[in-house]
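Shown next, in structure tokens, is the structure this report addresses.
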Amino acid sequence: MFKRKLTALGYHTANLNVDDEKQWRSLVVWLEDQKIRCYKIEDRKNIRNISNGAWDKALTQYLDDLECGVDRSSRKSVCDWLLSLAVRHEYGENVQKYNAMEAQSKTDAAEDPFGHLDVSSPDFKVGLLSLCHLLKIPQHYDPVTTLQAVSILVKERLSEEAQEGVLEEGEKFDLKNYEAGFQTRDEVLDNASRVLRLLHLQELRELQTKINEAIVAVQRITANPKTDQRLGKVGR
């Protein structure tokens, strides 16, 4: 119930049992010492003495001084109120810090619009399944892998760049006529192996093209140097 606020405040544990007297009193002392600081240090003696039989009376006075207006018969309500007050104090003392963090969070969200997605949620899985049916692609047991496959398809076939290009009509051929390099004695696995090898060859061709482009770019620089006679150097 209090995990998010306890974590935000930096408390040593997020698993708090308010029904445990020691845990409850220790939390109140920590909140006053570290976050709320309603009293001066020398005036915190009564609230800090958690083994004192009059501690409940000291807590009542403490809540009065804080003007706590919640139902004090419910320890959970009092705890939630104290935590909320501590969060307000924490934010008020570090406004610039948290505003900067919020700005950075928005920037990160803009750079990664899918970072907030919960791929394990039922709604996401249903939506992803519908998308797979629409695009006619098989669904992987791992939602992230399936989403990556959707991304590749959209990029290569449905993006603006892909639409501007001209797709060449491929030639039909029988996979059985292409050697995979090994056999599994399972026709389905053999065909899958052949497809994977063809895809690998395509990636190698793309890599070789990029390497050739890099070589050409370097040659353009080195083949036509500019001479600066004042420096006695040859080159750019």
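Naming scheme: A, B, ... for chains in displayed order of the structure tokens; residues 1 onward per chain; ligands 1 onward as shown.
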
Residues near stretch 146-154 of chain A, cut-off 9 Å, only C-alpha atoms, skip fewer than 4 positions along chain, as a PyMOL selection string: chain A and resi 128+131-132+135+137-142+158-159+162

DSSP on the backbone: which residues in stretch 11-149 of chain A end up as helix (DSSP H, G or I)? Give the answer as a PyMOL selection string. chain A and resi 21-36+41-43+45-48+55-66+75-93+95-111+122-135+143-149

Taking a cut-off of 8 Å and counting only C-alpha atoms, can you build a table that, for each residue of stretch 31-147 of chain A near stretch 16-19 of chain A, reports the nearest atom pair and how far apart they are in Å (one decimal), sorted by chain then residue number, as a Markdown table?
```
| residue | atom | partner | partner_atom | distance |
| --- | --- | --- | --- | --- |
| A:Arg75 | CA | A:Val18 | CA | 7.0 |
| A:Lys76 | CA | A:Val18 | CA | 6.8 |
| A:Cys79 | CA | A:Val18 | CA | 7.7 |
```

Selected residues, N, CA, C and O atoms, written as an mmCIF file, in the first residue's frame, please.
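Written out: result.cif:
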```cif
data_model
loop_
_atom_site.group_PDB
_atom_site.id
_atom_site.type_symbol
_atom_site.label_atom_id
_atom_site.label_comp_id
_atom_site.auth_asym_id
_atom_site.auth_seq_id
_atom_site.Cartn_x
_atom_site.Cartn_y
_atom_site.Cartn_z
ATOM 1 N N ARG A 75 -4.533 3.598 11.732
ATOM 2 C CA ARG A 75 -3.096 3.821 11.617
ATOM 3 C C ARG A 75 -2.670 3.928 10.160
ATOM 4 O O ARG A 75 -1.756 4.688 9.818
ATOM 5 N N LYS A 76 -3.316 3.176 9.282
ATOM 6 C CA LYS A 76 -2.975 3.227 7.866
ATOM 7 C C LYS A 76 -3.261 4.605 7.279
ATOM 8 O O LYS A 76 -2.493 5.119 6.472
ATOM 9 N N CYS A 79 -0.589 6.924 8.547
ATOM 10 C CA CYS A 79 0.668 6.625 7.870
ATOM 11 C C CYS A 79 0.676 7.211 6.460
ATOM 12 O O CYS A 79 1.648 7.846 6.044
#
```

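Using only C-alpha atoms, the protein and nucleic acid residues lying no more than 7 Å from stretch 34-49 of chain A, apart from those fewer than 2 places from it along its own chain, are Val29, Trp30, Leu31, Glu32, Ser51, Asn52, Trp55, Ala58, Leu59, Ala86, His89 and Glu90 of chain A.
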
By how many Å are atom CA of A:Arg25 and atom CA of A:Leu82 apart? 12.2 Å

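Restricting the calculation to only C-alpha atoms, the smallest distance between A:Thr60 and any of A:Ser73, A:Asn94, A:Ser84, A:Thr7 is found for A:Ser73.
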
Extract, using only C-alpha atoms, all DNA, RNA and protein residues at most 12 Å from A:Asn177, discarding same-chain residues fewer than 6 positions from it, and format them as a list in words. Asp190, Asn191 and Arg194 of chain A

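Taking atom CA of A:His133 as the reference point, atom CA of A:Leu198 is found at 25.0 Å.
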
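Taking atom CA of A:Thr13 and atom CA of A:Asp56 as endpoints, the distance between them is 23.3 Å.
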